[in-house]
Amino acid sequence: MTDTPSIFAAADTQAREYVEIELTDSAQEYLKGLLESQDEDVIGIRVFINDQGTPRAETCIAYCRQEDAGDESLVREYAGFTAYFDAASWPYLDAAKIDFAEDRMGGQLTIKAPNSKMPQVRADSPLQDRINYLLYTEVNPSLASHGGEVSLMLIDDDNFAVLQFGGGCQGCAAVDATLKEGVEKTLKQHLPDLAGVKDITDHTDRSNAYY
């Protein structure tokens, strides 16, 4: 059996302590203008990624209030405003670019984070990140041959990974075997701290089922 540190060894060597984010002059000017019109409780902008390290990753910018900042946020000062970067999102923001381009409709703020969907984990990363890494690199490539996929929805209070199947795995007659002999076995082999897996998929929809 492969122990936990070795499965994440490659990710360890690729981890970057230094993260480079480009916030262009035009974006800084635009964000500064937006912040000047906000209430006093807005202390800056917040940059974060939802579902980082997964195909569902979405990079977001929002107004930041004191209760949003968090003690672990990485704080950066720009021209006339402060940016708070979510600590969990930070490694996935490397090479990100935030830009503002004027157009006939006024302009558009764009965010490009090419590494947001790439799993980046270490042996001591949160359990959620390690599960997503294994789903991305070990489980879903196998399920893809049947047109299927599985995603982590949450980790419940009993430390079970709550999963949802899609594509050819939804409604598939073999999904119970896939869940226990494939997904759960793979995850628990490398994650001894995981209690097990649960499936919340609506398998009554068999329109795309492989079997």
# chains A, B, ... in the order shown; residues from 1 in each chain; ligands from 1
call {"tool": "residues_around", "arguments": {"residues": "segment 84-100 of chain A", "least_positions_apart": "5", "cutoff": "6 Å", "atoms": "only C-alpha atoms", "output": "ChimeraX atom specification"}}
result
/A:19-24,26-27,46-49,72-75,108-113,115-116
call {"tool": "write_last_selection", "arguments": {"atoms": "C-alpha atoms", "output": "JSON list (two decimals), in the first residue's frame"}}
result
[["chain", "number", "residue", "atom", "x", "y", "z"],
["A", 19, "VAL", "CA", 3.04, 33.54, -5.86],
["A", 20, "GLU", "CA", 3.08, 36.10, -8.65],
["A", 21, "ILE", "CA", -0.17, 37.95, -9.35],
["A", 22, "GLU", "CA", -0.47, 40.76, -11.88],
["A", 23, "LEU", "CA", -2.94, 43.51, -11.06],
["A", 24, "THR", "CA", -2.60, 45.92, -13.97],
["A", 26, "SER", "CA", -5.91, 50.00, -15.28],
["A", 27, "ALA", "CA", -7.42, 47.40, -12.94],
["A", 46, "ARG", "CA", -11.22, 40.29, -1.49],
["A", 47, "VAL", "CA", -9.83, 37.82, -4.03],
["A", 48, "PHE", "CA", -10.68, 34.15, -3.68],
["A", 49, "ILE", "CA", -11.33, 30.97, -5.66],
["A", 72, "GLU", "CA", -5.05, 34.15, 7.61],
["A", 73, "SER", "CA", -5.71, 36.41, 4.62],
["A", 74, "LEU", "CA", -2.66, 37.61, 2.71],
["A", 75, "VAL", "CA", -2.78, 41.40, 2.59],
["A", 108, "GLN", "CA", -14.86, 45.12, -18.20],
["A", 109, "LEU", "CA", -12.80, 43.71, -15.35],
["A", 110, "THR", "CA", -11.34, 40.33, -16.24],
["A", 111, "ILE", "CA", -9.64, 37.71, -14.08],
["A", 112, "LYS", "CA", -7.48, 34.97, -15.54],
["A", 113, "ALA", "CA", -6.10, 32.36, -13.16],
["A", 115, "ASN", "CA", -3.62, 27.48, -12.21],
["A", 116, "SER", "CA", -6.97, 27.70, -10.42]]
call {"tool": "select_by_dssp", "arguments": {"residues": "segment 141-184 of chain A", "states": "strand (DSSP E or B)", "output": "ChimeraX atom specification"}}
result
/A:148-155,160-167
call {"tool": "residues_around", "arguments": {"residues": "Glu184 of chain A", "least_positions_apart": "2", "cutoff": "12 Å", "atoms": "only C-alpha atoms", "output": "tab-separated table (two decimals) with C-alpha atoms, in the first residue's frame"}}
result
chain	number	residue	atom	x	y	z
A	131	ILE	CA	-9.58	14.22	-1.79
A	134	LEU	CA	-7.05	12.06	-5.82
A	135	LEU	CA	-10.36	12.43	-7.64
A	138	GLU	CA	-6.55	8.88	-9.81
A	139	VAL	CA	-10.32	8.39	-9.98
A	150	VAL	CA	-17.39	12.13	-9.59
A	160	PHE	CA	-17.25	10.92	5.27
A	161	ALA	CA	-16.67	12.30	1.78
A	162	VAL	CA	-20.07	13.10	0.26
A	163	LEU	CA	-19.82	12.57	-3.49
A	175	VAL	CA	-22.35	2.50	-9.59
A	176	ASP	CA	-22.43	0.74	-6.19
A	177	ALA	CA	-19.39	-1.33	-7.13
A	178	THR	CA	-17.70	1.76	-8.55
A	179	LEU	CA	-18.35	3.64	-5.32
A	180	LYS	CA	-17.07	0.97	-2.93
A	181	GLU	CA	-14.47	-0.99	-4.92
A	182	GLY	CA	-13.20	1.92	-6.96
A	186	THR	CA	-8.67	4.44	-3.75
A	187	LEU	CA	-9.38	7.29	-1.36
A	188	LYS	CA	-8.99	5.29	1.84
A	189	GLN	CA	-5.78	3.67	0.58
A	190	HIS	CA	-4.10	7.07	0.54
A	191	LEU	CA	-6.20	8.91	3.16
A	192	PRO	CA	-6.34	6.88	6.39
A	194	LEU	CA	-11.10	9.49	5.86
A	195	ALA	CA	-14.00	7.51	7.37
A	196	GLY	CA	-15.51	6.52	4.04
A	197	VAL	CA	-17.67	7.82	1.20
A	198	LYS	CA	-21.36	8.52	0.65
A	199	ASP	CA	-23.23	9.03	-2.61
call {"tool": "residues_around", "arguments": {"residues": "Tyr210 of chain A", "least_positions_apart": "4", "cutoff": "8 Å", "atoms": "only C-alpha atoms", "output": "PDB file with C-alpha atoms, in the first residue's frame"}}
result
ATOM      1  CA  HIS A 146     -17.083   5.221 -19.314  1.00  0.00           C
ATOM      2  CA  GLY A 147     -18.023   8.869 -19.799  1.00  0.00           C
ATOM      3  CA  GLY A 168     -22.136   7.802 -17.516  1.00  0.00           C
ATOM      4  CA  CYS A 169     -21.939   7.042 -13.778  1.00  0.00           C
ATOM      5  CA  CYS A 172     -25.386   3.269 -13.932  1.00  0.00           C
TER       6      CYS A 172
END
call {"tool": "atom_distance", "arguments": {"atom1": "atom CA of Pro141 of chain A", "atom2": "atom CA of Gln52 of chain A"}}
result
18.6 Å
call {"tool": "residues_around", "arguments": {"residues": "Glu40 of chain A", "least_positions_apart": "4", "cutoff": "12 Å", "atoms": "only C-alpha atoms", "output": "PyMOL selection string"}}
result
chain A and resi 35-36+44+63-66
call {"tool": "closest_residue", "arguments": {"among": "A:Lys117, A:Gly106, A:Ala57, A:Leu31", "to": "Tyr78 of chain A", "atoms": "only C-alpha atoms"}}
result
A:Leu31
call {"tool": "select_by_dssp", "arguments": {"residues": "chain A", "states": "alpha helix (DSSP H)", "output": "number ranges by chain"}}
result
A: 4-7, 9-14, 25-36, 66-69, 127-134, 140-143, 175-177, 185-190
call {"tool": "write_last_selection", "arguments": {"atoms": "C-alpha atoms", "output": "tab-separated table (two decimals), in the first residue's frame"}}
result
chain	number	residue	atom	x	y	z
A	4	THR	CA	0.11	9.12	2.37
A	5	PRO	CA	3.25	11.27	1.95
A	6	SER	CA	4.43	9.50	-1.23
A	7	ILE	CA	1.21	9.97	-3.22
A	9	ALA	CA	5.33	13.90	-3.17
A	10	ALA	CA	5.14	15.26	-6.72
A	11	ALA	CA	2.80	18.00	-5.59
A	12	ASP	CA	5.22	18.87	-2.80
A	13	THR	CA	8.06	19.50	-5.24
A	14	GLN	CA	5.86	21.72	-7.39
A	25	ASP	CA	-2.53	49.70	-13.56
A	26	SER	CA	-5.91	50.00	-15.28
A	27	ALA	CA	-7.42	47.40	-12.94
A	28	GLN	CA	-5.98	49.17	-9.90
A	29	GLU	CA	-7.43	52.49	-11.04
A	30	TYR	CA	-10.82	50.92	-11.71
A	31	LEU	CA	-10.97	49.11	-8.36
A	32	LYS	CA	-9.86	52.23	-6.52
A	33	GLY	CA	-12.74	54.15	-8.10
A	34	LEU	CA	-15.24	51.48	-7.12
A	35	LEU	CA	-14.03	51.41	-3.53
A	36	GLU	CA	-14.20	55.20	-3.16
A	66	GLN	CA	-13.64	43.37	8.32
A	67	GLU	CA	-15.52	40.16	9.04
A	68	ASP	CA	-14.59	38.84	5.58
A	69	ALA	CA	-10.85	39.43	5.84
A	127	LEU	CA	-8.48	16.68	3.72
A	128	GLN	CA	-10.77	18.34	1.17
A	129	ASP	CA	-7.80	19.32	-1.01
A	130	ARG	CA	-6.28	15.84	-0.81
A	131	ILE	CA	-9.58	14.22	-1.79
A	132	ASN	CA	-9.98	16.55	-4.76
A	133	TYR	CA	-6.41	15.80	-5.82
A	134	LEU	CA	-7.05	12.06	-5.82
A	140	ASN	CA	-11.81	10.55	-12.72
A	141	PRO	CA	-9.31	9.52	-15.42
A	142	SER	CA	-10.57	5.93	-14.94
A	143	LEU	CA	-14.24	6.94	-14.89
A	175	VAL	CA	-22.35	2.50	-9.59
A	176	ASP	CA	-22.43	0.74	-6.19
A	177	ALA	CA	-19.39	-1.33	-7.13
A	185	LYS	CA	-10.91	1.95	-1.94
A	186	THR	CA	-8.67	4.44	-3.75
A	187	LEU	CA	-9.38	7.29	-1.36
A	188	LYS	CA	-8.99	5.29	1.84
A	189	GLN	CA	-5.78	3.67	0.58
A	190	HIS	CA	-4.10	7.07	0.54
call {"tool": "atom_distance", "arguments": {"atom1": "atom CA of Leu152 of chain A", "atom2": "atom CA of His203 of chain A"}}
result
16.5 Å
